[in-house]
>>> print(open('final_15.cif').read())   # mmCIF, C-alpha atoms
data_coords
#
loop_
_atom_site.label_atom_id
_atom_site.label_comp_id
_atom_site.auth_asym_id
_atom_site.auth_seq_id
_atom_site.Cartn_x
_atom_site.Cartn_y
_atom_site.Cartn_z
CA MET H 23 -14.13 -4.46 13.61
CA VAL H 24 -13.72 -7.87 12.04
CA LEU H 25 -14.52 -7.85 8.36
CA LEU H 26 -13.53 -11.35 7.41
CA GLU H 27 -13.24 -14.41 9.55
CA CYS H 28 -12.17 -17.92 8.59
CA LYS H 29 -12.75 -20.65 11.16
CA ASN H 30 -11.19 -24.11 10.87
CA LEU H 31 -11.41 -23.82 7.13
CA SER H 32 -10.35 -26.80 5.02
CA LYS H 33 -10.70 -27.59 1.35
CA ASN H 34 -9.97 -30.88 -0.33
CA TYR H 35 -9.77 -31.56 -4.03
CA GLY H 36 -10.42 -35.28 -4.04
CA LYS H 37 -7.67 -36.74 -1.92
CA LYS H 38 -5.52 -33.65 -2.09
CA GLN H 39 -5.87 -31.26 0.80
CA ALA H 40 -5.49 -27.74 -0.55
CA LEU H 41 -6.25 -25.90 2.68
CA LYS H 42 -5.78 -27.32 6.15
CA ASP H 43 -7.57 -25.88 9.13
CA ILE H 44 -7.16 -22.21 8.32
CA ASN H 45 -7.99 -19.70 11.05
CA PHE H 46 -7.63 -15.95 10.73
CA THR H 47 -9.50 -12.67 10.90
CA ILE H 48 -9.11 -9.48 8.93
CA PRO H 49 -10.13 -6.11 10.36
CA ALA H 50 -11.58 -3.24 8.35
CA GLY H 51 -9.30 -0.54 7.00
CA LYS H 52 -6.23 -2.61 6.17
CA ILE H 53 -4.26 -3.60 3.12
CA ILE H 54 -3.27 -7.20 3.54
CA GLY H 55 -0.80 -9.22 1.53
CA LEU H 56 -1.64 -12.87 1.08
CA LEU H 57 1.78 -14.21 0.29
CA GLY H 58 2.69 -17.70 -0.74
CA ARG H 59 4.49 -19.71 -3.36
CA ASN H 60 2.73 -21.11 -6.40
CA GLY H 61 0.32 -23.81 -5.33
CA SER H 62 0.32 -22.80 -1.67
CA GLY H 63 -3.47 -22.35 -1.59
CA LYS H 64 -3.83 -18.60 -2.17
CA THR H 65 -6.32 -18.83 -5.00
CA THR H 66 -8.28 -21.63 -3.33
CA LEU H 67 -8.70 -19.46 -0.25
CA ILE H 68 -9.76 -16.49 -2.36
CA LYS H 69 -12.27 -18.58 -4.30
CA LEU H 70 -13.76 -19.85 -1.06
CA ILE H 71 -14.18 -16.30 0.23
CA ASN H 72 -15.86 -15.38 -3.05
CA ASN H 73 -18.25 -18.32 -2.86
CA LEU H 74 -16.84 -19.87 -6.04
CA LEU H 75 -15.91 -22.96 -4.09
CA THR H 76 -17.50 -24.49 -1.01
CA PRO H 77 -15.42 -25.45 2.00
CA THR H 78 -14.95 -29.11 2.83
CA THR H 79 -15.13 -28.18 6.50
CA GLY H 80 -15.13 -24.96 8.45
CA GLN H 81 -16.74 -21.60 8.10
CA ILE H 82 -16.23 -18.22 6.48
CA LEU H 83 -17.93 -15.04 7.64
CA ILE H 84 -17.76 -11.81 5.68
CA ASP H 85 -19.14 -8.89 7.63
CA ASN H 86 -20.78 -11.57 9.79
CA LYS H 87 -22.52 -13.20 6.85
CA ALA H 88 -21.93 -16.52 5.16
CA PRO H 89 -20.72 -16.32 1.53
CA GLY H 90 -23.60 -15.83 -0.90
CA PRO H 91 -25.29 -13.10 -2.93
CA VAL H 92 -25.24 -10.72 0.07
CA THR H 93 -21.49 -11.01 0.45
CA LYS H 94 -20.86 -10.82 -3.29
CA ALA H 95 -22.51 -7.43 -3.19
CA ILE H 96 -19.86 -6.15 -0.78
CA ILE H 97 -16.78 -7.88 -2.18
CA SER H 98 -15.03 -6.51 -5.22
CA TYR H 99 -13.01 -9.31 -6.72
CA LEU H 100 -10.27 -9.26 -9.31
CA PRO H 101 -9.70 -12.83 -10.43
CA GLU H 102 -6.43 -14.11 -11.76
CA ARG H 103 -7.78 -14.21 -15.29
CA THR H 104 -9.91 -11.55 -16.88
CA TYR H 105 -13.53 -12.50 -17.58
CA LEU H 106 -14.51 -9.58 -19.78
CA ASP H 107 -16.58 -10.31 -22.87
CA ARG H 108 -14.15 -9.72 -25.72
CA ARG H 109 -16.88 -9.05 -28.27
CA THR H 110 -18.28 -6.04 -26.51
CA THR H 111 -17.07 -2.45 -26.01
CA ILE H 112 -15.73 -0.68 -22.94
CA LYS H 113 -18.91 1.40 -22.76
CA LYS H 114 -21.13 -1.66 -22.66
CA THR H 115 -18.90 -3.27 -20.08
CA LEU H 116 -19.35 -0.21 -17.85
CA ASP H 117 -23.12 -0.40 -18.28
CA PHE H 118 -23.01 -4.07 -17.45
CA PHE H 119 -21.11 -3.39 -14.25
CA GLN H 120 -23.52 -0.64 -13.31
CA ASP H 121 -26.48 -2.99 -13.76
CA PHE H 122 -24.75 -5.68 -11.84
CA TYR H 123 -23.34 -3.87 -8.84
CA LYS H 124 -25.20 -1.25 -6.85
CA ASP H 125 -21.95 0.17 -5.51
CA PHE H 126 -20.35 0.64 -8.93
CA ASN H 127 -19.44 4.26 -9.62
CA LYS H 128 -19.44 4.76 -13.36
CA LYS H 129 -18.04 8.28 -13.08
CA THR H 130 -14.98 7.06 -11.21
CA ALA H 131 -14.41 4.40 -13.83
CA GLN H 132 -14.80 6.89 -16.67
CA LYS H 133 -12.32 9.24 -15.05
CA LEU H 134 -9.78 6.48 -14.63
CA LEU H 135 -10.30 5.38 -18.24
CA LYS H 136 -9.75 8.93 -19.40
CA ASP H 137 -6.41 8.99 -17.59
CA LEU H 138 -5.45 6.00 -19.69
CA ASP H 139 -6.66 7.68 -22.89
CA LEU H 140 -9.00 4.78 -23.53
CA ASP H 141 -11.83 5.33 -25.95
CA GLU H 142 -15.06 3.94 -24.55
CA ASP H 143 -16.20 2.74 -27.96
CA GLN H 144 -13.23 0.51 -28.28
CA LYS H 145 -13.82 -3.20 -28.36
CA ILE H 146 -12.26 -5.32 -25.66
CA SER H 147 -10.82 -7.64 -28.28
CA ALA H 148 -8.89 -4.73 -29.79
CA MET H 149 -7.12 -4.04 -26.50
CA SER H 150 -3.77 -5.48 -25.50
CA LYS H 151 -3.59 -7.94 -22.65
CA GLY H 152 -2.05 -5.30 -20.38
CA MET H 153 -4.80 -2.82 -21.23
CA GLN H 154 -7.47 -5.41 -20.52
CA GLU H 155 -5.90 -6.02 -17.14
CA LYS H 156 -5.92 -2.30 -16.41
CA LEU H 157 -9.57 -2.04 -17.46
CA GLN H 158 -10.45 -4.95 -15.21
CA LEU H 159 -8.66 -3.29 -12.30
CA ILE H 160 -10.46 -0.01 -12.96
CA LEU H 161 -13.80 -1.81 -12.89
CA VAL H 162 -12.95 -3.52 -9.62
CA MET H 163 -11.59 -0.39 -7.94
CA SER H 164 -14.55 1.73 -9.06
CA ARG H 165 -16.86 -0.17 -6.77
CA LYS H 166 -17.40 1.11 -3.26
CA ALA H 167 -17.01 -2.29 -1.69
CA LYS H 168 -16.23 -3.29 1.86
CA LEU H 169 -13.68 -5.87 0.85
CA TYR H 170 -11.47 -5.83 -2.23
CA ILE H 171 -9.74 -9.03 -3.21
CA LEU H 172 -7.11 -8.89 -5.90
CA ASP H 173 -5.72 -12.23 -6.98
CA GLU H 174 -2.26 -11.77 -8.48
CA PRO H 175 -2.88 -8.33 -9.97
CA LEU H 176 0.79 -8.03 -10.90
CA GLY H 177 1.30 -11.33 -12.67
CA GLY H 178 3.09 -10.69 -15.93
CA VAL H 179 2.88 -6.91 -16.12
CA ASP H 180 5.74 -4.58 -16.96
CA PRO H 181 7.22 -2.26 -14.29
CA ALA H 182 5.40 0.84 -15.56
CA THR H 183 2.08 -1.01 -15.50
CA ARG H 184 2.89 -2.33 -12.06
CA ASP H 185 3.38 1.24 -10.84
CA TYR H 186 0.10 2.21 -12.48
CA ILE H 187 -1.70 -0.66 -10.75
CA LEU H 188 -0.30 0.15 -7.32
CA ASP H 189 -1.05 3.82 -7.81
CA THR H 190 -4.63 3.05 -8.82
CA ILE H 191 -5.08 0.82 -5.80
CA LEU H 192 -3.75 3.46 -3.40
CA LYS H 193 -5.72 6.28 -4.96
CA ASN H 194 -9.03 4.45 -4.92
CA PHE H 195 -8.66 2.52 -1.71
CA ASN H 196 -11.43 3.46 0.67
CA PRO H 197 -10.01 3.69 4.22
CA ASN H 198 -13.05 1.98 5.73
CA ALA H 199 -12.68 -1.03 3.48
CA SER H 200 -10.04 -3.72 3.48
CA LEU H 201 -8.04 -4.98 0.59
CA ILE H 202 -6.43 -8.37 0.16
CA ILE H 203 -3.73 -8.74 -2.47
CA SER H 204 -2.41 -12.18 -3.22
CA THR H 205 0.96 -12.38 -4.86
CA HIS H 206 4.28 -14.14 -4.98
CA LEU H 207 5.97 -10.94 -6.23
CA ILE H 208 6.46 -9.54 -2.77
CA SER H 209 9.12 -6.92 -3.26
CA ASP H 210 6.89 -5.07 -5.71
CA ILE H 211 4.05 -4.55 -3.29
CA GLU H 212 5.31 -4.96 0.23
CA ARG H 213 5.58 -1.24 0.77
CA ILE H 214 1.85 -0.68 0.61
CA LEU H 215 0.90 -3.52 2.95
CA ASP H 216 -0.29 -3.10 6.53
CA GLU H 217 -0.33 -6.75 7.30
CA VAL H 218 1.00 -9.91 5.77
CA ILE H 219 -0.30 -13.44 5.84
CA PHE H 220 2.18 -16.15 4.80
CA ILE H 221 0.52 -19.23 3.44
CA ASP H 222 2.40 -22.43 2.72
CA LYS H 223 1.21 -25.92 1.83
CA GLY H 224 -2.36 -24.96 2.63
CA GLN H 225 -1.62 -23.57 6.06
CA ILE H 226 -1.18 -20.12 7.50
CA VAL H 227 2.37 -19.91 8.74
CA LEU H 228 2.36 -16.33 9.88
CA GLN H 229 0.11 -13.32 10.20
CA SER H 230 1.73 -10.08 11.30
CA ASP H 231 1.95 -6.34 10.95
CA ALA H 232 4.38 -5.67 8.08
CA ASP H 233 6.47 -3.01 9.82
CA ALA H 234 6.64 -5.08 13.01
CA LEU H 235 8.16 -7.91 10.95
CA ARG H 236 10.71 -5.56 9.38
CA ALA H 237 11.63 -4.22 12.80
CA LYS H 238 11.99 -7.73 14.21
CA TYR H 239 14.04 -9.27 11.40
CA LYS H 240 15.75 -6.05 10.26
CA THR H 241 15.10 -6.95 6.66
CA SER H 242 12.42 -6.78 3.98
CA ILE H 243 9.28 -8.91 3.90
CA ASP H 244 10.59 -10.31 0.64
CA ALA H 245 13.79 -11.50 2.32
CA ILE H 246 11.87 -12.92 5.29
CA PHE H 247 9.57 -14.77 2.91
CA ARG H 248 12.47 -16.22 0.94
CA LYS H 249 14.12 -17.40 4.14
CA GLU H 250 10.99 -18.90 5.70
CA MET H 251 9.69 -20.50 2.54
CA LYS H 252 12.91 -22.04 1.34
CA CYS H 253 12.22 -25.24 -0.56
CA MET T 9 11.32 2.86 -6.92
CA ASN T 10 15.11 2.71 -6.74
CA ASN T 11 15.51 4.70 -3.59
CA LEU T 12 12.90 2.79 -1.64
CA ASP T 13 14.13 0.60 1.13
CA ASN T 14 11.98 -2.23 2.35
CA SER T 15 14.25 -3.49 5.08
CA THR T 16 13.32 -0.99 7.77
CA PRO T 17 9.80 -0.14 8.91
CA VAL T 18 8.22 2.04 6.26
CA TYR T 19 6.57 4.33 8.79
CA LEU T 20 9.96 5.17 10.31
CA GLN T 21 11.35 5.93 6.86
CA ILE T 22 8.50 8.32 6.14
CA ALA T 23 8.82 9.95 9.56
CA GLU T 24 12.53 10.44 8.96
CA LYS T 25 11.99 11.94 5.51
CA LEU T 26 9.47 14.41 6.89
CA ALA T 27 11.72 15.25 9.84
CA ILE T 28 14.60 15.96 7.43
CA LYS T 29 12.33 18.30 5.50
CA ILE T 30 11.51 20.13 8.72
CA PHE T 31 15.17 20.30 9.79
CA GLY T 32 16.27 21.48 6.37
CA GLY T 33 13.57 24.10 6.13
CA LYS T 34 11.68 22.54 3.24
CA LEU T 35 8.76 22.39 5.62
CA GLU T 36 8.93 25.62 7.58
CA PRO T 37 7.70 26.06 11.17
CA GLY T 38 3.96 26.58 11.24
CA THR T 39 3.25 25.30 7.74
CA GLN T 40 0.49 22.85 7.09
CA LEU T 41 1.46 19.34 6.13
CA PRO T 42 0.01 17.72 3.04
CA THR T 43 -2.90 15.37 3.67
CA VAL T 44 -2.33 11.76 4.61
CA ARG T 45 -3.57 10.73 1.18
CA GLU T 46 -1.13 13.03 -0.59
CA ILE T 47 1.80 11.78 1.43
CA ALA T 48 0.65 8.20 0.89
CA LEU T 49 0.70 8.69 -2.86
CA SER T 50 3.99 10.53 -3.02
CA GLU T 51 5.63 8.05 -0.69
CA TRP T 52 3.96 5.05 -2.22
CA ALA T 53 2.78 3.80 1.11
CA ASN T 54 -0.63 3.11 2.46
CA PRO T 55 -2.55 5.72 4.45
CA ASN T 56 -2.33 3.72 7.70
CA THR T 57 1.45 3.71 7.45
CA VAL T 58 1.49 7.46 6.88
CA GLN T 59 -0.77 7.93 9.93
CA LYS T 60 1.71 5.96 11.96
CA ALA T 61 4.61 8.09 10.70
CA LEU T 62 2.73 11.28 11.59
CA ALA T 63 1.92 9.91 15.04
CA GLU T 64 5.64 9.32 15.54
CA LEU T 65 6.45 12.94 14.61
CA GLU T 66 3.65 14.16 16.81
CA ARG T 67 5.08 12.26 19.74
CA ASP T 68 8.40 14.00 19.11
CA GLY T 69 6.58 17.31 19.05
CA LEU T 70 7.74 18.17 15.54
CA ILE T 71 4.19 18.33 14.25
CA LEU T 72 0.92 19.27 15.88
CA SER T 73 -2.69 18.42 15.11
CA ARG T 74 -5.17 21.21 14.97
CA SER T 75 -8.57 19.63 15.04
CA THR T 76 -10.27 19.70 11.64
CA HIS T 77 -7.48 21.82 10.17
CA GLY T 78 -5.00 19.02 9.73
CA LYS T 79 -1.42 18.77 10.85
CA PHE T 80 1.15 21.54 11.11
CA VAL T 81 4.86 21.83 11.66
CA THR T 82 5.53 23.09 15.17
CA GLU T 83 6.43 26.74 15.58
CA ASP T 84 8.76 25.85 18.40
CA VAL T 85 12.04 26.57 16.61
CA GLU T 86 14.07 25.68 19.70
CA LEU T 87 12.60 22.19 19.65
CA ILE T 88 13.27 21.79 15.94
CA MET T 89 16.89 22.82 16.47
CA LYS T 90 17.25 20.44 19.39
CA LYS T 91 15.86 17.51 17.41
CA ARG T 92 18.01 18.52 14.46
CA GLU T 93 21.10 18.43 16.65
CA GLU T 94 20.15 14.95 17.88
CA TYR T 95 19.63 13.75 14.36
CA ALA T 96 22.93 15.20 13.15
CA THR T 97 24.77 13.65 16.07
CA LYS T 98 23.27 10.30 15.24
CA LEU T 99 24.44 10.69 11.66
CA THR T 100 28.01 11.48 12.66
CA GLU T 101 28.03 8.55 15.06
CA THR T 102 26.94 6.24 12.28
CA TYR T 103 29.68 7.70 10.12
CA GLU T 104 32.24 7.19 12.87
CA GLN T 105 31.18 3.60 13.37
CA LYS T 106 31.34 2.82 9.66
CA MET T 107 34.78 4.38 9.40
CA LYS T 108 35.91 2.30 12.37
CA ASP T 109 34.56 -0.80 10.65
CA VAL T 110 36.91 -0.21 7.72
CA GLY T 111 39.78 0.48 10.12
CA ALA T 112 39.96 4.24 9.73
CA GLU T 113 40.58 6.62 12.60
CA ILE T 114 38.76 9.91 12.40
CA THR T 115 38.32 12.91 14.59
CA MET T 116 34.66 13.66 14.97
CA PRO T 117 33.60 16.70 13.00
CA LYS T 118 32.11 19.66 14.82
CA ILE T 119 28.54 20.26 13.74
CA MET T 120 27.91 23.85 12.76
CA TRP T 121 24.59 25.45 11.94
CA PRO T 122 23.61 28.75 10.40
CA SER T 123 22.14 31.06 12.99
CA ASN T 124 18.62 30.63 11.67
CA LEU T 125 16.68 27.70 10.39
CA PRO T 126 16.90 27.55 6.63
CA THR T 127 13.70 28.51 4.87
CA SER T 128 12.02 26.90 1.93
CA ASP T 129 13.33 29.67 -0.36
CA TYR T 130 16.75 28.49 0.51
CA ALA T 131 16.12 24.77 0.50
CA GLY T 132 12.98 24.27 -1.47
CA LEU T 133 14.22 23.75 -4.99
CA ASN T 134 12.32 20.56 -5.56
CA ASN T 135 9.70 20.84 -2.93
CA ASN T 136 7.09 18.45 -4.19
CA PHE T 137 4.81 19.08 -1.29
CA LYS T 138 3.85 22.53 -2.49
CA SER T 139 0.48 22.08 -4.04
CA LEU T 140 0.43 22.36 -7.77
CA PRO T 141 -2.26 24.07 -9.78
CA LYS T 142 -5.00 21.63 -10.63
CA GLY T 143 -4.39 20.43 -14.17
CA GLN T 144 -0.71 20.03 -13.44
CA LYS T 145 -1.08 17.19 -10.99
CA LYS T 146 -0.28 14.51 -13.49
CA GLU T 147 3.25 15.75 -14.02
CA ARG T 148 3.99 15.51 -10.35
CA LYS T 149 6.85 13.20 -9.57
CA LYS T 150 5.23 10.48 -7.65
CA TRP T 151 7.59 8.34 -5.75
CA PHE T 152 10.42 10.65 -4.83
CA PHE T 153 10.94 13.85 -3.06
#
>>> encode(input="final_15.cif", output="structure tokens")
Amino acid sequence: MVLLECKNLSKNYGKKQALKDINFTIPAGKIIGLLGRNGSGKTTLIKLINNLLTPTTGQILIDNKAPGPVTKAIISYLPERTYLDRRTTIKKTLDFFQDFYKDFNKKTAQKLLKDLDLDEDQKISAMSKGMQEKLQLILVMSRKAKLYILDEPLGGVDPATRDYILDTILKNFNPNASLIISTHLISDIERILDEVIFIDKGQIVLQSDADALRAKYKTSIDAIFRKEMKC
Amino acid sequence: MNNLDNSTPVYLQIAEKLAIKIFGGKLEPGTQLPTVREIALSEWANPNTVQKALAELERDGLILSRSTHGKFVTEDVELIMKKREEYATKLTETYEQKMKDVGAEITMPKIMWPSNLPTSDYAGLNNNFKSLPKGQKKERKKWFF
């Protein structure tokens, strides 16, 4: 079953073409790595899927629907930067999420917070940057969405936090959903990927099963990426 | 994550690890395998990859599916011993080739086995797959066997 489809998708910022004629589909039940260098178009693509930008040309279908409120209800999105209200507490943030998303499971979130020894009365502003990122991830993974999109969830975290993030993703990943992780830190996550999409200069260069690539090139996805994307 | 290798297909690595556990008696004939989710977490792989690894072992006959009850190690000890022999032969051949590469001449060792398959009592010192009592789960070593 196709969960996400992009057809002849292009996005221009003024004269600059950020995405050029992108075509791909994503089935349900997969963990997909969206891999590309800085400025390759990863975040632009993700923002288009999340209806935060509108395509210059082309079409996006999520579960056969055009991006809008209906699709936002089934996509759980972790943006590059956290958007939590720093003045409020964890508890209020949970309530906010529950009001906002029908598929948000507060109990799951509370359990995950407990594992982190986080006090729900704590203010967001009193939390470290790493903790805020973990909280944001917990919120995103506590939704029972059809499509999870994590934009650079590993940017700037320490190795222990990275393990925590990957563990949380694996533990809470619903096998009927799909999950897209964008990153340029490939070696850290390649093990949990089913499929990879290489994006470069606004174009999809490759979409393949991760293990099939390893078998073909007899090396890691990270090494293949470095070779293919050489400046 | 030091002992993780990303250069060969992950599903084959997981299949091999499980096969070694069966050959070495850490997973005894007839025992139930952990769930896909459990293996996924301990192996730090995604559930689809684990499914693929299990399918590979099933094709070899080392594990069997019993509908709704999950997957079990085969009770066909003959088959386990045969596959074990094949695996060991492959290992010695790799060894021979690597020794040749550095210019050494070796006589191939004769593979010898104990008369029975080892059991988990014998081999199971750090058998992570044995389920732990509930509250203890957090201590479980996650990424390694």
>>> atom_distance(input="final_15.cif", atom1="atom CA of H:Gln144", atom2="atom CA of H:Asn127")
20.0 Å
>>> resolve_selection(input="final_15.cif", expression="the PyMOL selection byres ((chain H) within 8 of (chain T))", output="VMD selection string")
chain H and resid 52 to 53 189 192 to 193 197 209 212 to 216 232 to 234 236 to 237 240 to 243
>>> closest_residue(input="final_15.cif", among="T:Met107, T:Ile22, T:Leu65, T:Leu70", to="T:Thr39", atoms="all atoms listed in the file")
T:Leu70
>>> residues_around(input="final_15.cif", residues="T:Leu99", least_positions_apart="4", cutoff="12 Å", atoms="all atoms listed in the file", output="list of chain:residue names")
T:Ile28, T:Arg92, T:Glu93, T:Glu94, T:Tyr95, T:Tyr103, T:Glu104, T:Gln105, T:Lys106, T:Met116, T:Pro117, T:Ile119
>>> atom_distance(input="final_15.cif", atom1="atom CA of H:Ile171", atom2="atom CA of H:Asn194")
13.6 Å
>>> closest_residue(input="final_15.cif", among="H:Arg165, H:Lys42, H:Lys94, H:Lys136", to="H:Asn73", atoms="only C-alpha atoms")
H:Lys94
>>> resolve_selection(input="final_15.cif", expression="the PyMOL selection byres ((chain H and resi 107) around 12)", output="list in words")
Thr104, Tyr105, Leu106, Arg108, Arg109, Thr110, Thr111, Ile112, Lys113, Lys114, Thr115, Leu116, Phe118, Phe119, Lys145, Ile146, Ser147, Ala148, Met149, Gln154 and Gln158 of chain H
>>> resolve_selection(input="final_15.cif", expression="the PyMOL selection byres ((chain T and resi 41) around 6)", output="VMD selection string")
chain T and resid 40 42 79 to 80
>>> atom_distance(input="final_15.cif", atom1="atom CA of T:Lys34", atom2="atom CA of T:Thr127")
6.5 Å
>>> residues_around(input="final_15.cif", residues="T:Leu72", least_positions_apart="4", cutoff="12 Å", atoms="all atoms listed in the file", output="ChimeraX atom specification")
/T:37-41,62-68,76-84
>>> closest_residue(input="final_15.cif", among="H:Leu31, H:Ala182, H:Leu207, H:Ala40", to="H:Gly80", atoms="all atoms listed in the file")
H:Leu31
